[in-house]
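I have placed the structure first, in the form of structure tokens, so that the comments after it can refer back to it.
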Amino acid sequence: MKYVAIDIGSTKCKIVKGKHFEGNISTELVSRFRMSPVWKNGQFVWSVGQIFENIVEGLGKALEADYIAIDSFPSDFVLLDAAGNPLGPVVAFKDQRGDRAVNLPDGREVFFSTAHIPYPGDTISQLRTLAEEEPELLGHAETFMFLPDYFNYLLTGVKTVERTMASASNLLSALTGDWDYDILREIGVPMRIFPSISDPGTVLGPVKDEIAKEIGYSAQVVLASSYDKASSFFSAPRNEDTCVILSGIGTVLATPSSRPIVTEEAFDGGFSSGVSAFGEYAVYKRLYGLSMIDRLKNEAPDGTTYDMIMEEARSSECYSIVDLGKLSIDKTRSMVDVLNDVLEEHEKISERRDAAAILYRSFAAGVKKELDELEKLLGRTFSRIVITGGGGSDSYLDDLVAMMTGKEVVIASEDASAIGNIALMMLSSKELEAGDVGTILENSFTRRRYRRISAL
């Protein structure tokens with residue numbers, strides 16, 4: 001069987017083909033296109049019509065598939081009118097609409113209801129702003145959908161919301177597994193607009209006839225773990241002695257759990273729980289640093305690569321470590337200046353290489369700190385760390401994580417979201433058995449290992 005994963009990121013979309021043969025999964029990039037919100041009528045909005053056209057074009061380039069599934073970043077959503085058309089602009093998280101929210105539910109209340117710690121710009125804050133500023137829009141809305149759900153609707157005509165994405169929105173009750181109607185009532189959003197919630201792996205049905213004609217084949221559309229971090233997590237070989245670093249611009253540390261962890265200790269430590277797939281949960285915590293390294297690269301002259309930044313960090317003799325979560329990021333100031341705000345007088349820096357060294361070492365130290373806290377929270381010890389996504393391509397970063405944690409570090413695939421998406425489709429189609437997936441993923445996508453090194 002052939003599978004096509006549509007992996008929608010906040011800056012680009014990748015369409016990836018996959019197939020299983022003799023105990024291995026192979027993938028092939030079919031197409032990619034840029035994702036960039038546009039400034040329109042005083043807002044950053046997504047051109048969802050253009051995005052869908054690009055998706056359909058990419059599906060045509062795949063030439064054939066038996067199953068299709070979509071994953072995406074969280075937070076942003078589409079409101080549909082009674083005819084199934086977008087009602088109002090599809091506002092992007094970049095617009096920072098959620099920052100204007102007032103009278104939000106208490107963060108502790110939200111956590112103990114949803115197992116998810118609120119964050120700036122999340123769905124709940126965006127909806128609260130909408131309820132305050134444009135209540136008539138919500139009054140005319142017929143259906144609420146996250147971006148992958150909307151594109152699935154365009155492909156199949158089926159209206160539903162996938163569970164892992166709902167779990168990442170602060171709108172899913174950890175107790176009932178349904179929409180948290182108390183929170184929806186508190187933020188002033190009509191409950192009638194929220195469709196049924198469906199589990200990852202659910203087969204929605206075939207693409208519409210007109211879509212099949214345009215792409216040249218018919219295929220079944222399956223619900224991936226639509227939240228891209230949940231798909232990434234599903235791609236990683238994991239068990240109870242393993243933590244996974246889901247790396248990217250937004251990076252989290254995650255580990256499997258049989259239930260959501262909703263305790264005072266979890267809230268105080270900043271640990272959320274989210275739905276994974278097939279009854280599994282993930283406990284996770286945000287890690288700071290990789291987006292700052294990305295910013296450092298963007299501040300550098302044209303032609304500067306990530307490898308060049310890495311080698312500069314490796315060559316620096318600066319050994320300072322800071323709490324990256326406490327940095328006050330100001331887009332008008334360089335990362336050198338931002339770091340100098342928290343460095344002691346004798347530690348002040350002036351060169352990019354030293355800023356890079358601090359970011360690298362501070363990221364690895366942050367992994368060590370959060371890993372220790374997670375072990376204490378769950379009462380278990382981790383023996384290895386799996387790194388997925390682009391962070392695994394950075395050998396110096398991987399070295400530092402291995403040294404500072406004293407754990408075995410396993411480097412998995414850069415295309416983690418697409419691979420997790422494909423693996424889940426293979427389970428849904430019954431081509432793979434649940435007990436075989438971990439071994440097949442590890443055999444197919446493990447790139448290298450760092451054996452345990454004594455911690456610094």
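Convention: chains lettered A, B, ... in structure tokens order; per-chain residue numbering from 1; ligands numbered from 1 as shown.
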Can I get the residues of stretch 240-323 of chain A within 10 Å of stretch 220-236 of chain A, each with the closest pair of atoms and their distance in Å to one decimal, using only C-alpha atoms, sorted chain first then ascending number, as a tab-separated table?
residue	atom	partner	partner_atom	distance
A:Thr242	CA	A:Ala236	CA	9.7
A:Cys243	CA	A:Ala236	CA	9.6
A:Val244	CA	A:Phe233	CA	7.2
A:Ile245	CA	A:Phe233	CA	8.7
A:Leu246	CA	A:Ser232	CA	6.7
A:Ser247	CA	A:Ser232	CA	9.2
A:Gly248	CA	A:Lys229	CA	9.8
A:Gly250	CA	A:Lys229	CA	9.3
A:Thr251	CA	A:Lys229	CA	8.9
A:Val252	CA	A:Lys229	CA	8.4
A:Leu253	CA	A:Phe233	CA	9.8
A:Ala254	CA	A:Phe233	CA	7.6
A:Thr255	CA	A:Phe233	CA	8.4
A:Pro256	CA	A:Phe233	CA	8.9
A:Gly274	CA	A:Ala230	CA	8.2
A:Val275	CA	A:Ala230	CA	7.7
A:Ser276	CA	A:Ala230	CA	5.6
A:Ala277	CA	A:Ser225	CA	6.7
A:Phe278	CA	A:Ser225	CA	10.0
A:Glu280	CA	A:Phe234	CA	9.9
A:Tyr281	CA	A:Ala230	CA	9.3
A:Ala282	CA	A:Ala230	CA	8.2
Selection file, all heavy atoms, as a tab-separated table (two decimals), in the first residue's frame:
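Generated output (selection16.tsv):
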chain	number	residue	atom	x	y	z
A	242	THR	N	12.32	6.04	28.12
A	242	THR	CA	12.78	6.93	27.05
A	242	THR	C	12.09	8.28	27.12
A	242	THR	O	10.88	8.36	27.33
A	242	THR	CB	12.50	6.30	25.67
A	242	THR	OG1	13.19	5.06	25.57
A	242	THR	CG2	12.95	7.22	24.55
A	243	CYS	N	12.87	9.34	26.94
A	243	CYS	CA	12.33	10.69	26.72
A	243	CYS	C	12.62	11.07	25.28
A	243	CYS	O	13.65	10.67	24.72
A	243	CYS	CB	12.97	11.69	27.67
A	243	CYS	SG	11.86	12.19	29.00
A	244	VAL	N	11.74	11.85	24.70
A	244	VAL	CA	11.89	12.27	23.32
A	244	VAL	C	11.99	13.79	23.26
A	244	VAL	O	11.17	14.48	23.87
A	244	VAL	CB	10.71	11.80	22.45
A	244	VAL	CG1	10.94	12.15	20.99
A	244	VAL	CG2	10.48	10.30	22.61
A	245	ILE	N	13.01	14.29	22.57
A	245	ILE	CA	13.09	15.72	22.28
A	245	ILE	C	12.51	15.93	20.89
A	245	ILE	O	13.08	15.48	19.90
A	245	ILE	CB	14.53	16.25	22.35
A	245	ILE	CG1	15.08	16.12	23.78
A	245	ILE	CG2	14.58	17.70	21.91
A	245	ILE	CD1	16.53	16.54	23.92
A	246	LEU	N	11.34	16.55	20.84
A	246	LEU	CA	10.70	16.86	19.57
A	246	LEU	C	11.20	18.23	19.17
A	246	LEU	O	10.69	19.26	19.61
A	246	LEU	CB	9.18	16.85	19.73
A	246	LEU	CG	8.60	15.57	20.39
A	246	LEU	CD1	7.12	15.75	20.68
A	246	LEU	CD2	8.83	14.36	19.49
A	247	SER	N	12.25	18.25	18.34
A	247	SER	CA	12.96	19.50	18.09
A	247	SER	C	12.39	20.23	16.89
A	247	SER	O	11.83	19.65	15.97
A	247	SER	CB	14.45	19.25	17.90
A	247	SER	OG	14.71	18.60	16.68
A	248	GLY	N	12.57	21.52	16.92
A	248	GLY	CA	12.10	22.41	15.88
A	248	GLY	C	12.08	23.81	16.45
A	248	GLY	O	12.64	24.08	17.51
A	250	GLY	N	9.55	25.26	17.73
A	250	GLY	CA	8.94	24.98	19.03
A	250	GLY	C	9.38	23.60	19.46
A	250	GLY	O	9.03	22.61	18.82
A	251	THR	N	10.16	23.50	20.53
A	251	THR	CA	10.76	22.24	20.95
A	251	THR	C	10.20	21.81	22.29
A	251	THR	O	10.05	22.62	23.20
A	251	THR	CB	12.30	22.38	21.05
A	251	THR	OG1	12.81	22.78	19.78
A	251	THR	CG2	12.95	21.07	21.47
A	252	VAL	N	9.87	20.52	22.41
A	252	VAL	CA	9.37	20.01	23.69
A	252	VAL	C	10.07	18.71	24.05
A	252	VAL	O	10.58	17.98	23.18
A	252	VAL	CB	7.84	19.78	23.67
A	252	VAL	CG1	7.08	21.06	23.39
A	252	VAL	CG2	7.45	18.71	22.66
A	253	LEU	N	10.10	18.44	25.34
A	253	LEU	CA	10.57	17.17	25.89
A	253	LEU	C	9.33	16.36	26.24
A	253	LEU	O	8.42	16.88	26.89
A	253	LEU	CB	11.41	17.43	27.15
A	253	LEU	CG	12.03	16.23	27.85
A	253	LEU	CD1	13.17	15.65	27.03
A	253	LEU	CD2	12.54	16.63	29.24
A	254	ALA	N	9.25	15.13	25.79
A	254	ALA	CA	8.02	14.34	25.98
A	254	ALA	C	8.35	12.91	26.34
A	254	ALA	O	9.39	12.37	25.96
A	254	ALA	CB	7.17	14.36	24.70
A	255	THR	N	7.43	12.27	27.06
A	255	THR	CA	7.55	10.86	27.39
A	255	THR	C	6.16	10.25	27.48
A	255	THR	O	5.19	10.95	27.80
A	255	THR	CB	8.31	10.66	28.72
A	255	THR	OG1	8.71	9.28	28.85
A	255	THR	CG2	7.47	11.04	29.92
A	256	PRO	N	6.01	8.95	27.18
A	256	PRO	CA	4.68	8.36	27.22
A	256	PRO	C	4.14	8.20	28.64
A	256	PRO	O	4.89	8.08	29.61
A	256	PRO	CB	4.88	6.99	26.55
A	256	PRO	CG	6.33	6.71	26.65
A	256	PRO	CD	7.02	8.02	26.66
A	274	GLY	N	-0.94	15.53	27.03
A	274	GLY	CA	-1.76	15.57	25.84
A	274	GLY	C	-2.04	14.18	25.32
A	274	GLY	O	-1.31	13.23	25.59
A	275	VAL	N	-3.13	14.06	24.57
A	275	VAL	CA	-3.49	12.80	23.95
A	275	VAL	C	-2.48	12.47	22.88
A	275	VAL	O	-2.05	13.33	22.11
A	275	VAL	CB	-4.90	12.87	23.36
A	275	VAL	CG1	-5.24	11.58	22.61
A	275	VAL	CG2	-5.93	13.16	24.44
A	276	SER	N	-2.05	11.21	22.83
A	276	SER	CA	-1.19	10.74	21.75
A	276	SER	C	-2.07	9.91	20.81
A	276	SER	O	-3.01	10.44	20.24
A	276	SER	CB	-0.02	9.93	22.31
A	276	SER	OG	0.84	9.50	21.27
A	277	ALA	N	-1.84	8.65	20.65
A	277	ALA	CA	-2.66	7.82	19.78
A	277	ALA	C	-2.93	6.49	20.46
A	277	ALA	O	-2.14	6.02	21.28
A	277	ALA	CB	-1.98	7.60	18.44
A	278	PHE	N	-4.06	5.88	20.12
A	278	PHE	CA	-4.43	4.56	20.60
A	278	PHE	C	-4.41	4.48	22.13
A	278	PHE	O	-3.86	3.55	22.72
A	278	PHE	CB	-3.53	3.49	19.98
A	278	PHE	CG	-3.61	3.46	18.48
A	278	PHE	CD1	-2.58	3.97	17.71
A	278	PHE	CD2	-4.73	2.98	17.84
A	278	PHE	CE1	-2.66	3.99	16.33
A	278	PHE	CE2	-4.82	2.99	16.46
A	278	PHE	CZ	-3.79	3.48	15.70
A	280	GLU	N	-2.88	6.32	24.32
A	280	GLU	CA	-1.67	6.75	25.00
A	280	GLU	C	-1.68	8.25	25.21
A	280	GLU	O	-2.31	8.99	24.47
A	280	GLU	CB	-0.44	6.36	24.15
A	280	GLU	CG	0.89	6.61	24.82
A	280	GLU	CD	2.06	6.20	23.94
A	280	GLU	OE1	2.27	6.88	22.92
A	280	GLU	OE2	2.75	5.22	24.27
A	281	TYR	N	-1.02	8.68	26.26
A	281	TYR	CA	-0.83	10.11	26.51
A	281	TYR	C	0.67	10.42	26.43
A	281	TYR	O	1.51	9.53	26.49
A	281	TYR	CB	-1.35	10.50	27.90
A	281	TYR	CG	-2.85	10.50	28.00
A	281	TYR	CD1	-3.55	9.32	28.27
A	281	TYR	CD2	-3.58	11.68	27.85
A	281	TYR	CE1	-4.93	9.31	28.36
A	281	TYR	CE2	-4.96	11.68	27.95
A	281	TYR	CZ	-5.63	10.50	28.21
A	281	TYR	OH	-7.00	10.50	28.29
A	282	ALA	N	0.96	11.71	26.33
A	282	ALA	CA	2.33	12.18	26.42
A	282	ALA	C	2.38	13.28	27.48
A	282	ALA	O	1.50	14.13	27.53
A	282	ALA	CB	2.82	12.72	25.08
Can you list every residue of stretch 162-244 of chain A that has an atom at most 9 Å from stretch 75-83 of chain A, with its nearest atom pair and the distance in Å to one decimal, using only C-alpha atoms, ordered by chain then number, as a tab-separated table?
residue	atom	partner	partner_atom	distance
A:Met165	CA	A:Ser75	CA	8.4
A:Ala168	CA	A:Ser75	CA	7.8
A:Ser169	CA	A:Ser75	CA	6.1
A:Ile193	CA	A:Leu79	CA	8.5
Those selected residues, please, written with C-alpha atoms and delivered as a short mmCIF file (atom, residue, chain, number, x, y, z; two decimals), in the first residue's frame.
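Result saved to again-v2.cif:
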data_model
loop_
_atom_site.label_atom_id
_atom_site.label_comp_id
_atom_site.auth_asym_id
_atom_site.auth_seq_id
_atom_site.Cartn_x
_atom_site.Cartn_y
_atom_site.Cartn_z
CA MET A 165 -5.35 18.69 18.19
CA ALA A 168 -3.47 20.76 22.54
CA SER A 169 -6.04 23.58 22.46
CA ILE A 193 -20.36 25.14 16.85
#
Could you pull out the residues in stretch 69-203 of chain A that DSSP calls helix (DSSP H, G or I) from the backbone, as a CSV table (one decimal) with C-alpha atoms, in the first residue's frame?
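Saved result, states.csv, follows:
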chain,number,residue,atom,x,y,z
A,93,PHE,CA,-1.1,32.9,15.4
A,94,LYS,CA,1.5,35.5,14.1
A,95,ASP,CA,-1.2,38.1,14.4
A,97,ARG,CA,-4.8,38.2,18.5
A,98,GLY,CA,-4.7,36.1,21.6
A,99,ASP,CA,-2.5,38.7,23.3
A,100,ARG,CA,-5.6,41.0,23.5
A,107,GLY,CA,-4.4,29.3,34.2
A,108,ARG,CA,-4.5,26.9,37.1
A,109,GLU,CA,-8.2,26.2,36.5
A,110,VAL,CA,-7.5,25.5,32.9
A,111,PHE,CA,-4.7,23.1,33.7
A,112,PHE,CA,-6.7,21.1,36.2
A,113,SER,CA,-9.6,20.8,33.8
A,114,THR,CA,-7.7,20.1,30.6
A,123,THR,CA,-6.9,28.6,20.9
A,124,ILE,CA,-8.6,29.6,24.1
A,125,SER,CA,-7.2,33.1,24.1
A,126,GLN,CA,-7.9,33.6,20.4
A,127,LEU,CA,-11.5,32.5,20.9
A,128,ARG,CA,-11.8,34.8,24.0
A,129,THR,CA,-10.6,37.8,21.9
A,130,LEU,CA,-13.1,36.9,19.2
A,131,ALA,CA,-16.0,36.7,21.7
A,132,GLU,CA,-15.1,40.2,22.9
A,133,GLU,CA,-14.3,41.9,19.6
A,135,PRO,CA,-19.4,38.3,18.9
A,136,GLU,CA,-21.6,38.6,15.8
A,137,LEU,CA,-19.1,36.4,13.9
A,138,LEU,CA,-19.4,33.6,16.5
A,139,GLY,CA,-23.2,34.1,16.4
A,140,HIS,CA,-23.3,33.3,12.7
A,147,LEU,CA,-6.7,23.7,10.0
A,148,PRO,CA,-6.2,20.0,9.4
A,149,ASP,CA,-9.9,19.3,10.1
A,150,TYR,CA,-10.9,22.0,7.6
A,151,PHE,CA,-8.7,20.6,4.9
A,152,ASN,CA,-10.0,17.0,5.6
A,153,TYR,CA,-13.5,18.5,5.2
A,154,LEU,CA,-12.6,19.9,1.9
A,155,LEU,CA,-11.2,16.5,0.8
A,156,THR,CA,-14.1,14.4,2.1
A,163,ARG,CA,-8.6,14.4,19.3
A,164,THR,CA,-4.8,15.2,19.6
A,165,MET,CA,-5.3,18.7,18.2
A,166,ALA,CA,-8.3,19.3,20.5
A,167,SER,CA,-6.1,18.1,23.4
A,181,TYR,CA,-18.1,23.0,28.1
A,182,ASP,CA,-17.4,24.8,31.3
A,183,ILE,CA,-14.4,26.6,29.8
A,184,LEU,CA,-16.3,27.3,26.5
A,185,ARG,CA,-19.1,28.8,28.6
A,186,GLU,CA,-16.7,30.9,30.6
A,191,MET,CA,-21.0,25.2,22.3
A,192,ARG,CA,-23.2,24.3,19.3
A,193,ILE,CA,-20.4,25.1,16.8
Those in stretch 125-310 of chain A with strand (DSSP E) from DSSP, as an NGL selection string = :A and (143-146 or 161-162 or 197-198 or 203-206 or 220-222 or 242-246 or 251-257 or 272-275 or 281-287)
Which neighbours of stretch 405-420 of chain A fall inside 6 Å, counting only C-alpha atoms, when residues of the same chain fewer than 3 positions from it are skipped, and could you give them as a PDB file with N, CA and C atoms, in the first residue's frame?
ATOM      1  N   ALA A   5       1.530  11.624   3.401  1.00  0.00           N
ATOM      2  CA  ALA A   5       1.389  12.484   4.571  1.00  0.00           C
ATOM      3  C   ALA A   5       1.525  13.937   4.143  1.00  0.00           C
ATOM      4  N   ASP A   7       2.214  17.344   5.800  1.00  0.00           N
ATOM      5  CA  ASP A   7       2.758  17.879   7.051  1.00  0.00           C
ATOM      6  C   ASP A   7       2.822  19.400   6.944  1.00  0.00           C
ATOM      7  N   ASP A 228       0.963  18.251  15.123  1.00  0.00           N
ATOM      8  CA  ASP A 228       2.227  17.778  14.556  1.00  0.00           C
ATOM      9  C   ASP A 228       3.174  17.214  15.614  1.00  0.00           C
ATOM     10  N   SER A 231       2.195  13.663  16.181  1.00  0.00           N
ATOM     11  CA  SER A 231       2.692  12.810  15.095  1.00  0.00           C
ATOM     12  C   SER A 231       4.185  12.573  15.237  1.00  0.00           C
ATOM     13  N   SER A 232       4.933  13.620  15.579  1.00  0.00           N
ATOM     14  CA  SER A 232       6.381  13.475  15.798  1.00  0.00           C
ATOM     15  C   SER A 232       6.650  12.476  16.912  1.00  0.00           C
ATOM     16  N   PHE A 234       4.773  10.058  17.883  1.00  0.00           N
ATOM     17  CA  PHE A 234       4.418   8.712  17.440  1.00  0.00           C
ATOM     18  C   PHE A 234       5.503   8.111  16.558  1.00  0.00           C
ATOM     19  N   SER A 235       6.308   8.957  15.919  1.00  0.00           N
ATOM     20  CA  SER A 235       7.360   8.452  15.031  1.00  0.00           C
ATOM     21  C   SER A 235       8.576   7.948  15.789  1.00  0.00           C
ATOM     22  N   LYS A 368      18.831  18.727  30.766  1.00  0.00           N
ATOM     23  CA  LYS A 368      19.203  18.020  31.994  1.00  0.00           C
ATOM     24  C   LYS A 368      18.261  18.390  33.144  1.00  0.00           C
ATOM     25  N   SER A 383      16.695   6.075  30.649  1.00  0.00           N
ATOM     26  CA  SER A 383      18.038   5.629  30.268  1.00  0.00           C
ATOM     27  C   SER A 383      18.472   6.184  28.918  1.00  0.00           C
ATOM     28  N   ARG A 384      17.521   6.685  28.126  1.00  0.00           N
ATOM     29  CA  ARG A 384      17.918   7.212  26.824  1.00  0.00           C
ATOM     30  C   ARG A 384      17.020   8.373  26.413  1.00  0.00           C
ATOM     31  N   ILE A 385      17.558   9.164  25.502  1.00  0.00           N
ATOM     32  CA  ILE A 385      16.852  10.298  24.913  1.00  0.00           C
ATOM     33  C   ILE A 385      16.845  10.110  23.403  1.00  0.00           C
ATOM     34  N   VAL A 386      15.684  10.215  22.793  1.00  0.00           N
ATOM     35  CA  VAL A 386      15.560  10.175  21.340  1.00  0.00           C
ATOM     36  C   VAL A 386      15.331  11.601  20.855  1.00  0.00           C
ATOM     37  N   ILE A 387      16.120  12.043  19.890  1.00  0.00           N
ATOM     38  CA  ILE A 387      15.960  13.382  19.325  1.00  0.00           C
ATOM     39  C   ILE A 387      15.411  13.247  17.912  1.00  0.00           C
ATOM     40  N   THR A 388      14.234  13.840  17.691  1.00  0.00           N
ATOM     41  CA  THR A 388      13.637  13.871  16.358  1.00  0.00           C
ATOM     42  C   THR A 388      13.705  15.290  15.811  1.00  0.00           C
ATOM     43  N   GLY A 389      13.467  15.444  14.520  1.00  0.00           N
ATOM     44  CA  GLY A 389      13.446  16.764  13.919  1.00  0.00           C
ATOM     45  C   GLY A 389      14.834  17.281  13.595  1.00  0.00           C
ATOM     46  N   GLY A 390      14.894  18.556  13.234  1.00  0.00           N
ATOM     47  CA  GLY A 390      16.133  19.146  12.756  1.00  0.00           C
ATOM     48  C   GLY A 390      17.240  19.198  13.785  1.00  0.00           C
ATOM     49  N   GLY A 392      18.391  16.967  15.601  1.00  0.00           N
ATOM     50  CA  GLY A 392      19.241  15.785  15.534  1.00  0.00           C
ATOM     51  C   GLY A 392      20.356  15.904  14.518  1.00  0.00           C
ATOM     52  N   VAL A 401      24.052  17.283  24.802  1.00  0.00           N
ATOM     53  CA  VAL A 401      22.933  16.634  25.498  1.00  0.00           C
ATOM     54  C   VAL A 401      23.389  15.317  26.109  1.00  0.00           C
ATOM     55  N   ALA A 402      24.175  14.532  25.353  1.00  0.00           N
ATOM     56  CA  ALA A 402      24.687  13.262  25.873  1.00  0.00           C
ATOM     57  C   ALA A 402      25.595  13.496  27.072  1.00  0.00           C
ATOM     58  N   ALA A 423       3.190   6.191   9.731  1.00  0.00           N
ATOM     59  CA  ALA A 423       3.125   4.987  10.571  1.00  0.00           C
ATOM     60  C   ALA A 423       1.721   4.773  11.116  1.00  0.00           C
ATOM     61  N   PHE A 445      14.668   4.448  10.793  1.00  0.00           N
ATOM     62  CA  PHE A 445      14.982   5.873  10.843  1.00  0.00           C
ATOM     63  C   PHE A 445      16.041   6.276  11.865  1.00  0.00           C
ATOM     64  N   THR A 446      16.566   5.348  12.645  1.00  0.00           N
ATOM     65  CA  THR A 446      17.650   5.715  13.553  1.00  0.00           C
ATOM     66  C   THR A 446      18.901   6.021  12.734  1.00  0.00           C
ATOM     67  N   ARG A 447      19.450   7.234  12.924  1.00  0.00           N
ATOM     68  CA  ARG A 447      20.602   7.665  12.127  1.00  0.00           C
ATOM     69  C   ARG A 447      21.922   7.416  12.846  1.00  0.00           C
ATOM     70  N   ARG A 448      21.960   7.645  14.158  1.00  0.00           N
ATOM     71  CA  ARG A 448      23.181   7.375  14.921  1.00  0.00           C
ATOM     72  C   ARG A 448      22.848   7.374  16.407  1.00  0.00           C
ATOM     73  N   ARG A 449      23.780   6.864  17.175  1.00  0.00           N
ATOM     74  CA  ARG A 449      23.613   6.779  18.624  1.00  0.00           C
ATOM     75  C   ARG A 449      24.838   7.360  19.314  1.00  0.00           C
ATOM     76  N   TYR A 450      24.577   7.980  20.442  1.00  0.00           N
ATOM     77  CA  TYR A 450      25.648   8.446  21.314  1.00  0.00           C
ATOM     78  C   TYR A 450      25.540   7.634  22.601  1.00  0.00           C
ATOM     79  N   ARG A 451      26.528   6.799  22.849  1.00  0.00           N
ATOM     80  CA  ARG A 451      26.489   5.990  24.070  1.00  0.00           C
ATOM     81  C   ARG A 451      26.612   6.892  25.291  1.00  0.00           C
ATOM     82  N   ARG A 452      26.208   6.371  26.423  1.00  0.00           N
ATOM     83  CA  ARG A 452      26.233   7.182  27.640  1.00  0.00           C
ATOM     84  C   ARG A 452      27.625   7.723  27.912  1.00  0.00           C
ATOM     85  N   ILE A 453      27.656   8.991  28.226  1.00  0.00           N
ATOM     86  CA  ILE A 453      28.898   9.672  28.572  1.00  0.00           C
ATOM     87  C   ILE A 453      28.727  10.240  29.961  1.00  0.00           C
ATOM     88  N   SER A 454      29.747  10.169  30.774  1.00  0.00           N
ATOM     89  CA  SER A 454      29.643  10.720  32.123  1.00  0.00           C
ATOM     90  C   SER A 454      29.222  12.163  32.045  1.00  0.00           C
ATOM     91  N   ALA A 455      28.211  12.524  32.832  1.00  0.00           N
ATOM     92  CA  ALA A 455      27.678  13.887  32.804  1.00  0.00           C
ATOM     93  C   ALA A 455      28.731  14.870  33.275  1.00  0.00           C
TER      94      ALA A 455
END
Top pick for closest residue to A:Leu424, considering A:Gln96, A:Ser72, A:Thr202, A:Ser196 and counting only C-alpha atoms |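 Checking each candidate against A:Leu424, we get A:Thr202 as the closest.
When atom CA of A:Arg34 is paired with atom CA of A:Lys61, their separation reads 16.6 Å.
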Near stretch 299-301 of chain A, counting only C-alpha atoms, which residues have an atom at most 9 Å away, once you skip same-chain residues fewer than 6 positions from it, shown as a ChimeraX atom specification?
-> /A:334-335,352
Would you mind listing what lies within 10 Å of A:Phe363 as JSON, numbers by chain, with only C-alpha atoms counted and same-chain residues fewer than 6 positions away left out?
-> {"A": [287, 288, 289, 290, 292, 293, 321, 322, 323, 324, 325, 357, 369, 397, 400, 401]}
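The space separating atom CA of A:Met145 from atom CA of A:Thr160 comes to 7.5 Å.
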